[in-house]
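Notes for the one structure printed next.
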Amino acid sequence: MALGTTLGRVAAVKPEGARRPLVTRAALKGLALRIVPPLVVLAVFLLLWEVLCQRPGAGLPPPSRVVTEAWDIIAHPFYDNGGTDKGLFWHISASLQRVALGFTLAVIAGVMLGTLVGQSEWAMRGLDPIFQVLRTIPPLAWLPLSLAAFRDGQPSAIFVIFITSIWPIIINTAVGIRNIPQDYRNVAAVLRLNAFEFFAKVMLPSAAPYIFTGLRIGVGLSWLAIVAAEMLIGGVGIGFFIWDAWNSSHISEIIVALVYVGVIGFVLDRLVAGLGHLVTRGTATA
Amino acid sequence: MTHLSLEQVGISFTRAGRTTEVLRDVDLKIDKGEFVSLIGHSGCGKSTVLNIVAGLLKASTGGVLLDGKEVNSPGPERAVVFQNHSLLPWLTVRENVALAVDKVLRSKKSRAERREWIEHNLALVNMTHAAEKRPHEISGGMKQRVGIARALAMEPKVLLMDEPFGALDALTRAHLQDQLMEIHLRLKNTVIMITHDVDEAVLLSDRIVMMTNGPSATIGEVLSVPLARPRKRLELVEDPTYTHARAEVLEFLYARHAKPAIAA
Ligand SMILES: Nc1ncnc2c1ncn2[C@@H]1O[C@H](COP(=O)(O)OP(=O)(O)O)[C@@H](O)[C@H]1O
Ligand SMILES: [Mg+2]
């Protein structure tokens with residue numbers, strides 16, 4: 001079979017090459033090279049899973065049963081029966097809103113603190129060791145403390161997102177600020193840029209590639225943390241949905257939710273990376 | 001008549017507890033419109049002199065006066081063309097010049113006048129065609145031209161240039177030297193230029209300031225170049241004034257103040 005495809009390809013390419021440049025064909029080939037391997041691996045994986053979990057006594061349902069059992073939530077993401085009995089869309093959108101709020105606050109505070117740490121020798125000496133210790137605390141370990149402080153699940157979840165994602169933002173921003181070439185500082189000095197102009201016109205753009213690296217790590221951590229935090233605080237949210245499904249032994253629903261969580265985490269990462277690419281006009285390594 | 005004056009300028013750096021005196025008693029008076037170049041072996045302290053005039057470094061002793069007023073911080077009236085161009089890579093050529101113009105001439109010119117002034121300066125260095133390009137998309141010579149346009153656009157009293165053509169190939173270098181002479185003839189700026197190229201120094205300067213080797217470097221000799229302007233490089237090759245000046249500088253650099261062999 002391998003021999004057959006090789007021969008087939010040779011036969012197909014030859015007359016093409018003789019006629020016109022193979023622009024579209026090459027582009028298609030590149031696309032296929034990127035898409036086909038993951039699809040093949042996915043198919044093999046699903047097949048293996050199907051075979052292994054078809055056997056009696058298997059702990060997990062095979063993919064075919066996942067689809068039939070969880071068809072309700074797959075087909076109706078928008079239903080809303082009030083309370084926490086909602087479609088996946090509503091759960092995910094609630095989680096995303098928490099992440100958006102907590103992450104935005106972390107970006108603002110993180111970039112400002114990072115600038116301070118990167119710019120001032122004294123602030124770095126004082127704050128850096130503290131940050132290095134705080135950043136190793138697992139996200140969920142903050143939850144009891146924030147529940148005690150806020151006495152409410154919603155702000156506590158947002159705080160957990162904030163405190164989880166702020167460290168990589170601070171640290172990367174500080175590195176970016178410290179790496180601003182002396183030349184740029186000299187240019188700013190000759191022009192007599194004031195502190196605000198210097199921040200907006202030199203520091204931010206110069207440090208942007210580093211800042212966006214921090215943002216990418218931060219948004220990934222936020223998404224990790226929110227799912228876990230929602231399992232504990234309850235209410236509407238994808239984390240709670242998963243926990244609720246587990247309590248009702250709806251394993252198929254958990255699997256569907258996990259697929260959504262994974263895909264959305266991936267999209268968030270690409271979104272921040274794409275934004276970084278846009279903002280830094282391609283100079284970022286993102 | 002003195003426009004810019006360096007008075008007994010000295011500077012020492014302390015690094016890891018050890019203090020080295022880099023410059024001592026640098027004394028120099030420059031007239032308005034004069035083109036002065038600073039020549040000396042690398043490491044002697046030329047950039048340090050320029051940075052003190054720019055206000056980017058503070059003299060340990062003595063000081064710098066511009067029109068009788070002491071210089072103690074950087075400012076656009078002493079524009080700098082940096083050795084490695086120092087254009088901001090996230091801005092286009094035009095935006096790099098605009099940043100300077102919009103900041104420095106905000107109160108002097110209207111918005112429309114500033115737009116026009118930016119274009120005028122880009123045209124002055126023949127960079128209008130690449131105004132939308134980013135620094136990494138243009139050649140080294142073009143970057144230096146933009147650096148010069150940015151500095152000139154600040155309408156500086158003094159233009160400070162640190163080996164502006166040092167990293168360029170001979171042909172580009174000659175072309176930019178001609179352009180710089182033309183601009184200087186038209187605008188009559190006061191210029192201090194660092195160079196380690198003897199021909200460049202003689203061709204461009206009214207006076208050549210030759211520095212001794214460090215540490216504790218100072219001005220060894222000042223040579224006037226009484227050649228009429230505009231100067232044409234081809235005609236000068238055999239001009240006795242030119243060849244004499246050239247010989248003087250070479251003699252200073254390679255006979256009387258030859259660099260110790262270790263550093264080359
Ligand atoms: N910020 C600094 N700290 C310590 N030493 C310095 C500093 N800047 C320059 N020097 C020293 O001063 C001397 C002259 O440097 P520089 O002015 O750059 O020389 P040039 O431009 O003539 O090649 C060098 O020996 C250099 O090591
Ligand atoms: Mg130098």
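Here's how to read the names in the structure tokens: chain A, B, ... by the order shown, residue numbers from 1 in each chain, ligand numbers from 1 in the order shown.
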
Kindly compile the residues surrounding ligand 2 within 8 Å, counting only C-alpha atoms and all ligand atoms, and format them as a PyMOL selection string. chain B and resi 42-43+45-48+83+162-163+194

Write down as a PDB file with N, CA, C and O atoms, in the first residue's frame the residues belonging to region 1-169 of chain B that are assigned alpha helix (DSSP H) by DSSP computed on the backbone.
ATOM      1  N   LYS B  46      36.447  58.785  23.801  1.00  0.00           N
ATOM      2  CA  LYS B  46      35.731  59.683  22.887  1.00  0.00           C
ATOM      3  C   LYS B  46      34.230  59.674  23.165  1.00  0.00           C
ATOM      4  O   LYS B  46      33.601  60.730  23.297  1.00  0.00           O
ATOM      5  N   SER B  47      33.666  58.474  23.261  1.00  0.00           N
ATOM      6  CA  SER B  47      32.229  58.387  23.531  1.00  0.00           C
ATOM      7  C   SER B  47      31.895  59.026  24.871  1.00  0.00           C
ATOM      8  O   SER B  47      30.839  59.642  25.035  1.00  0.00           O
ATOM      9  N   THR B  48      32.802  58.882  25.818  1.00  0.00           N
ATOM     10  CA  THR B  48      32.576  59.465  27.131  1.00  0.00           C
ATOM     11  C   THR B  48      32.491  60.990  27.026  1.00  0.00           C
ATOM     12  O   THR B  48      31.597  61.607  27.618  1.00  0.00           O
ATOM     13  N   VAL B  49      33.385  61.591  26.245  1.00  0.00           N
ATOM     14  CA  VAL B  49      33.324  63.044  26.035  1.00  0.00           C
ATOM     15  C   VAL B  49      31.964  63.425  25.444  1.00  0.00           C
ATOM     16  O   VAL B  49      31.282  64.330  25.931  1.00  0.00           O
ATOM     17  N   LEU B  50      31.559  62.699  24.413  1.00  0.00           N
ATOM     18  CA  LEU B  50      30.310  63.014  23.731  1.00  0.00           C
ATOM     19  C   LEU B  50      29.109  62.863  24.672  1.00  0.00           C
ATOM     20  O   LEU B  50      28.197  63.699  24.673  1.00  0.00           O
ATOM     21  N   ASN B  51      29.147  61.784  25.478  1.00  0.00           N
ATOM     22  CA  ASN B  51      28.037  61.560  26.413  1.00  0.00           C
ATOM     23  C   ASN B  51      27.970  62.624  27.493  1.00  0.00           C
ATOM     24  O   ASN B  51      26.884  62.932  27.995  1.00  0.00           O
ATOM     25  N   ILE B  52      29.117  63.176  27.843  1.00  0.00           N
ATOM     26  CA  ILE B  52      29.103  64.270  28.827  1.00  0.00           C
ATOM     27  C   ILE B  52      28.480  65.510  28.195  1.00  0.00           C
ATOM     28  O   ILE B  52      27.638  66.172  28.809  1.00  0.00           O
ATOM     29  N   VAL B  53      28.848  65.793  26.950  1.00  0.00           N
ATOM     30  CA  VAL B  53      28.241  66.943  26.265  1.00  0.00           C
ATOM     31  C   VAL B  53      26.736  66.721  26.103  1.00  0.00           C
ATOM     32  O   VAL B  53      25.927  67.627  26.289  1.00  0.00           O
ATOM     33  N   ALA B  54      26.355  65.475  25.803  1.00  0.00           N
ATOM     34  CA  ALA B  54      24.933  65.162  25.632  1.00  0.00           C
ATOM     35  C   ALA B  54      24.185  65.248  26.948  1.00  0.00           C
ATOM     36  O   ALA B  54      22.965  65.399  26.970  1.00  0.00           O
ATOM     37  N   VAL B  93       9.963  54.054  10.055  1.00  0.00           N
ATOM     38  CA  VAL B  93      10.923  55.134   9.850  1.00  0.00           C
ATOM     39  C   VAL B  93      10.259  56.484  10.155  1.00  0.00           C
ATOM     40  O   VAL B  93      10.773  57.300  10.930  1.00  0.00           O
ATOM     41  N   ARG B  94       9.076  56.699   9.556  1.00  0.00           N
ATOM     42  CA  ARG B  94       8.393  57.971   9.760  1.00  0.00           C
ATOM     43  C   ARG B  94       8.007  58.168  11.228  1.00  0.00           C
ATOM     44  O   ARG B  94       8.189  59.250  11.783  1.00  0.00           O
ATOM     45  N   GLU B  95       7.509  57.094  11.870  1.00  0.00           N
ATOM     46  CA  GLU B  95       7.100  57.197  13.279  1.00  0.00           C
ATOM     47  C   GLU B  95       8.282  57.498  14.193  1.00  0.00           C
ATOM     48  O   GLU B  95       8.138  58.190  15.205  1.00  0.00           O
ATOM     49  N   ASN B  96       9.458  56.961  13.839  1.00  0.00           N
ATOM     50  CA  ASN B  96      10.650  57.250  14.630  1.00  0.00           C
ATOM     51  C   ASN B  96      10.971  58.742  14.599  1.00  0.00           C
ATOM     52  O   ASN B  96      11.292  59.340  15.628  1.00  0.00           O
ATOM     53  N   VAL B  97      10.882  59.326  13.412  1.00  0.00           N
ATOM     54  CA  VAL B  97      11.145  60.765  13.299  1.00  0.00           C
ATOM     55  C   VAL B  97      10.008  61.545  13.965  1.00  0.00           C
ATOM     56  O   VAL B  97      10.239  62.532  14.670  1.00  0.00           O
ATOM     57  N   ALA B  98       8.784  61.055  13.764  1.00  0.00           N
ATOM     58  CA  ALA B  98       7.618  61.754  14.321  1.00  0.00           C
ATOM     59  C   ALA B  98       7.656  61.795  15.850  1.00  0.00           C
ATOM     60  O   ALA B  98       7.284  62.802  16.454  1.00  0.00           O
ATOM     61  N   LEU B  99       8.135  60.715  16.463  1.00  0.00           N
ATOM     62  CA  LEU B  99       8.218  60.682  17.927  1.00  0.00           C
ATOM     63  C   LEU B  99       9.032  61.872  18.425  1.00  0.00           C
ATOM     64  O   LEU B  99       8.646  62.565  19.366  1.00  0.00           O
ATOM     65  N   ALA B 100      10.169  62.105  17.765  1.00  0.00           N
ATOM     66  CA  ALA B 100      11.034  63.212  18.159  1.00  0.00           C
ATOM     67  C   ALA B 100      10.370  64.556  17.870  1.00  0.00           C
ATOM     68  O   ALA B 100      10.325  65.445  18.728  1.00  0.00           O
ATOM     69  N   VAL B 101       9.827  64.699  16.663  1.00  0.00           N
ATOM     70  CA  VAL B 101       9.251  65.983  16.250  1.00  0.00           C
ATOM     71  C   VAL B 101       8.048  66.340  17.139  1.00  0.00           C
ATOM     72  O   VAL B 101       7.936  67.462  17.636  1.00  0.00           O
ATOM     73  N   ASP B 102       7.172  65.352  17.349  1.00  0.00           N
ATOM     74  CA  ASP B 102       5.964  65.637  18.126  1.00  0.00           C
ATOM     75  C   ASP B 102       6.280  65.967  19.575  1.00  0.00           C
ATOM     76  O   ASP B 102       5.568  66.722  20.222  1.00  0.00           O
ATOM     77  N   LYS B 103       7.361  65.385  20.091  1.00  0.00           N
ATOM     78  CA  LYS B 103       7.715  65.679  21.475  1.00  0.00           C
ATOM     79  C   LYS B 103       8.428  67.040  21.579  1.00  0.00           C
ATOM     80  O   LYS B 103       8.088  67.878  22.404  1.00  0.00           O
ATOM     81  N   VAL B 104       9.404  67.230  20.721  1.00  0.00           N
ATOM     82  CA  VAL B 104      10.293  68.382  20.880  1.00  0.00           C
ATOM     83  C   VAL B 104       9.668  69.687  20.359  1.00  0.00           C
ATOM     84  O   VAL B 104       9.864  70.747  20.936  1.00  0.00           O
ATOM     85  N   ARG B 111       0.156  71.168  14.335  1.00  0.00           N
ATOM     86  CA  ARG B 111       0.131  69.775  13.918  1.00  0.00           C
ATOM     87  C   ARG B 111       0.506  69.632  12.438  1.00  0.00           C
ATOM     88  O   ARG B 111       1.336  68.790  12.075  1.00  0.00           O
ATOM     89  N   ALA B 112      -0.084  70.458  11.610  1.00  0.00           N
ATOM     90  CA  ALA B 112       0.169  70.378  10.166  1.00  0.00           C
ATOM     91  C   ALA B 112       1.624  70.731   9.858  1.00  0.00           C
ATOM     92  O   ALA B 112       2.274  70.091   9.022  1.00  0.00           O
ATOM     93  N   GLU B 113       2.134  71.724  10.556  1.00  0.00           N
ATOM     94  CA  GLU B 113       3.531  72.117  10.338  1.00  0.00           C
ATOM     95  C   GLU B 113       4.480  70.984  10.721  1.00  0.00           C
ATOM     96  O   GLU B 113       5.500  70.767  10.071  1.00  0.00           O
ATOM     97  N   ARG B 114       4.097  70.277  11.804  1.00  0.00           N
ATOM     98  CA  ARG B 114       4.947  69.168  12.240  1.00  0.00           C
ATOM     99  C   ARG B 114       4.953  68.052  11.205  1.00  0.00           C
ATOM    100  O   ARG B 114       6.002  67.490  10.897  1.00  0.00           O
ATOM    101  N   ARG B 115       3.741  67.724  10.651  1.00  0.00           N
ATOM    102  CA  ARG B 115       3.671  66.691   9.591  1.00  0.00           C
ATOM    103  C   ARG B 115       4.626  67.070   8.465  1.00  0.00           C
ATOM    104  O   ARG B 115       5.408  66.267   7.959  1.00  0.00           O
ATOM    105  N   GLU B 116       4.579  68.320   8.077  1.00  0.00           N
ATOM    106  CA  GLU B 116       5.383  68.785   6.962  1.00  0.00           C
ATOM    107  C   GLU B 116       6.880  68.708   7.293  1.00  0.00           C
ATOM    108  O   GLU B 116       7.703  68.314   6.476  1.00  0.00           O
ATOM    109  N   TRP B 117       7.192  69.068   8.550  1.00  0.00           N
ATOM    110  CA  TRP B 117       8.583  69.052   9.006  1.00  0.00           C
ATOM    111  C   TRP B 117       9.155  67.635   9.021  1.00  0.00           C
ATOM    112  O   TRP B 117      10.327  67.410   8.690  1.00  0.00           O
ATOM    113  N   ILE B 118       8.311  66.665   9.398  1.00  0.00           N
ATOM    114  CA  ILE B 118       8.742  65.260   9.387  1.00  0.00           C
ATOM    115  C   ILE B 118       9.099  64.856   7.965  1.00  0.00           C
ATOM    116  O   ILE B 118      10.172  64.296   7.707  1.00  0.00           O
ATOM    117  N   GLU B 119       8.197  65.174   7.025  1.00  0.00           N
ATOM    118  CA  GLU B 119       8.448  64.810   5.626  1.00  0.00           C
ATOM    119  C   GLU B 119       9.690  65.519   5.103  1.00  0.00           C
ATOM    120  O   GLU B 119      10.495  64.941   4.380  1.00  0.00           O
ATOM    121  N   HIS B 120       9.846  66.782   5.489  1.00  0.00           N
ATOM    122  CA  HIS B 120      10.999  67.554   5.048  1.00  0.00           C
ATOM    123  C   HIS B 120      12.305  66.883   5.474  1.00  0.00           C
ATOM    124  O   HIS B 120      13.251  66.776   4.687  1.00  0.00           O
ATOM    125  N   ASN B 121      12.350  66.424   6.725  1.00  0.00           N
ATOM    126  CA  ASN B 121      13.582  65.816   7.223  1.00  0.00           C
ATOM    127  C   ASN B 121      13.839  64.445   6.624  1.00  0.00           C
ATOM    128  O   ASN B 121      14.988  64.052   6.426  1.00  0.00           O
ATOM    129  N   LEU B 122      12.753  63.699   6.351  1.00  0.00           N
ATOM    130  CA  LEU B 122      12.927  62.415   5.672  1.00  0.00           C
ATOM    131  C   LEU B 122      13.491  62.653   4.272  1.00  0.00           C
ATOM    132  O   LEU B 122      14.366  61.921   3.812  1.00  0.00           O
ATOM    133  N   ALA B 123      12.991  63.710   3.621  1.00  0.00           N
ATOM    134  CA  ALA B 123      13.467  64.024   2.271  1.00  0.00           C
ATOM    135  C   ALA B 123      14.925  64.469   2.307  1.00  0.00           C
ATOM    136  O   ALA B 123      15.707  64.158   1.409  1.00  0.00           O
ATOM    137  N   LEU B 124      15.287  65.167   3.377  1.00  0.00           N
ATOM    138  CA  LEU B 124      16.652  65.669   3.524  1.00  0.00           C
ATOM    139  C   LEU B 124      17.679  64.543   3.461  1.00  0.00           C
ATOM    140  O   LEU B 124      18.779  64.709   2.938  1.00  0.00           O
ATOM    141  N   GLY B 140      21.819  49.108   6.852  1.00  0.00           N
ATOM    142  CA  GLY B 140      22.523  49.839   7.896  1.00  0.00           C
ATOM    143  C   GLY B 140      22.701  51.311   7.556  1.00  0.00           C
ATOM    144  O   GLY B 140      22.529  52.188   8.404  1.00  0.00           O
ATOM    145  N   GLY B 141      23.033  51.585   6.289  1.00  0.00           N
ATOM    146  CA  GLY B 141      23.221  52.976   5.864  1.00  0.00           C
ATOM    147  C   GLY B 141      21.930  53.766   5.976  1.00  0.00           C
ATOM    148  O   GLY B 141      21.923  54.915   6.403  1.00  0.00           O
ATOM    149  N   MET B 142      20.821  53.118   5.605  1.00  0.00           N
ATOM    150  CA  MET B 142      19.522  53.782   5.703  1.00  0.00           C
ATOM    151  C   MET B 142      19.168  54.075   7.156  1.00  0.00           C
ATOM    152  O   MET B 142      18.647  55.142   7.472  1.00  0.00           O
ATOM    153  N   LYS B 143      19.478  53.121   8.047  1.00  0.00           N
ATOM    154  CA  LYS B 143      19.179  53.338   9.466  1.00  0.00           C
ATOM    155  C   LYS B 143      19.925  54.557   9.971  1.00  0.00           C
ATOM    156  O   LYS B 143      19.378  55.375  10.709  1.00  0.00           O
ATOM    157  N   GLN B 144      21.208  54.673   9.592  1.00  0.00           N
ATOM    158  CA  GLN B 144      21.975  55.831  10.043  1.00  0.00           C
ATOM    159  C   GLN B 144      21.378  57.121   9.492  1.00  0.00           C
ATOM    160  O   GLN B 144      21.356  58.145  10.177  1.00  0.00           O
ATOM    161  N   ARG B 145      20.890  57.065   8.247  1.00  0.00           N
ATOM    162  CA  ARG B 145      20.282  58.263   7.679  1.00  0.00           C
ATOM    163  C   ARG B 145      19.039  58.667   8.460  1.00  0.00           C
ATOM    164  O   ARG B 145      18.810  59.858   8.707  1.00  0.00           O
ATOM    165  N   VAL B 146      18.252  57.660   8.849  1.00  0.00           N
ATOM    166  CA  VAL B 146      17.055  57.968   9.644  1.00  0.00           C
ATOM    167  C   VAL B 146      17.473  58.538  11.001  1.00  0.00           C
ATOM    168  O   VAL B 146      16.876  59.496  11.498  1.00  0.00           O
ATOM    169  N   GLY B 147      18.533  57.959  11.577  1.00  0.00           N
ATOM    170  CA  GLY B 147      19.037  58.469  12.853  1.00  0.00           C
ATOM    171  C   GLY B 147      19.444  59.933  12.723  1.00  0.00           C
ATOM    172  O   GLY B 147      19.181  60.749  13.609  1.00  0.00           O
ATOM    173  N   ILE B 148      20.067  60.272  11.602  1.00  0.00           N
ATOM    174  CA  ILE B 148      20.478  61.657  11.363  1.00  0.00           C
ATOM    175  C   ILE B 148      19.246  62.539  11.168  1.00  0.00           C
ATOM    176  O   ILE B 148      19.156  63.640  11.737  1.00  0.00           O
ATOM    177  N   ALA B 149      18.258  62.034  10.413  1.00  0.00           N
ATOM    178  CA  ALA B 149      17.032  62.809  10.196  1.00  0.00           C
ATOM    179  C   ALA B 149      16.330  63.068  11.526  1.00  0.00           C
ATOM    180  O   ALA B 149      15.861  64.175  11.791  1.00  0.00           O
ATOM    181  N   ARG B 150      16.283  62.030  12.381  1.00  0.00           N
ATOM    182  CA  ARG B 150      15.628  62.192  13.677  1.00  0.00           C
ATOM    183  C   ARG B 150      16.336  63.262  14.500  1.00  0.00           C
ATOM    184  O   ARG B 150      15.698  64.110  15.129  1.00  0.00           O
ATOM    185  N   ALA B 151      17.670  63.236  14.477  1.00  0.00           N
ATOM    186  CA  ALA B 151      18.428  64.216  15.255  1.00  0.00           C
ATOM    187  C   ALA B 151      18.248  65.627  14.680  1.00  0.00           C
ATOM    188  O   ALA B 151      17.988  66.582  15.417  1.00  0.00           O
ATOM    189  N   LEU B 152      18.355  65.754  13.358  1.00  0.00           N
ATOM    190  CA  LEU B 152      18.219  67.083  12.739  1.00  0.00           C
ATOM    191  C   LEU B 152      16.822  67.652  12.940  1.00  0.00           C
ATOM    192  O   LEU B 152      16.641  68.863  13.092  1.00  0.00           O
ATOM    193  N   ALA B 153      15.826  66.764  12.955  1.00  0.00           N
ATOM    194  CA  ALA B 153      14.438  67.208  13.074  1.00  0.00           C
ATOM    195  C   ALA B 153      14.160  67.866  14.422  1.00  0.00           C
ATOM    196  O   ALA B 153      13.168  68.570  14.574  1.00  0.00           O
TER     197      ALA B 153
END

Using only C-alpha atoms, the best pick from B:Gly17, B:Gly62, B:Pro76, B:Gly214 as closest to chain A would be B:Pro76

Mind running chain A against chain B at 10 Å and telling me each contacting residue's nearest atom pair with the distance in Å (one decimal), counting only C-alpha atoms, chain and number ascending, as a tab-separated table?
residue	atom	partner	partner_atom	distance
A:Pro181	CA	B:Ser86	CA	9.1
A:Gln182	CA	B:Ser86	CA	9.4
A:Asp183	CA	B:Ser86	CA	5.7
A:Tyr184	CA	B:Ser86	CA	6.4
A:Arg185	CA	B:Ser86	CA	9.7
A:Asn186	CA	B:Leu56	CA	7.1
A:Val187	CA	B:Ser86	CA	7.3
A:Ala188	CA	B:Ala100	CA	9.2
A:Ala189	CA	B:Pro74	CA	5.8
A:Val190	CA	B:Gly75	CA	4.5
A:Leu191	CA	B:Pro76	CA	5.4
A:Arg192	CA	B:Gly75	CA	6.0
A:Leu193	CA	B:Lys103	CA	7.5
A:Asn194	CA	B:Lys103	CA	10.0
A:Glu197	CA	B:Lys103	CA	9.5
A:Lys201	CA	B:Leu99	CA	8.8
A:Val202	CA	B:Leu88	CA	8.0
A:Pro205	CA	B:Trp90	CA	7.0
A:Ser206	CA	B:Trp90	CA	7.9
A:Val279	CA	B:Trp90	CA	9.6
A:Thr280	CA	B:Trp90	CA	7.0
A:Arg281	CA	B:Trp90	CA	7.2
A:Gly282	CA	B:Trp90	CA	9.2
A:Thr283	CA	B:Trp90	CA	7.6

- [ ] Within 12 Å of region 129-141 of chain A, counting only C-alpha atoms, which residues show up once you throw out same-chain ones fewer than 5 positions away? Write them as a ChimeraX atom specification, please.
- [x] /A:110,113-114,117,123-124,146-147,156-171,174,218,221-233
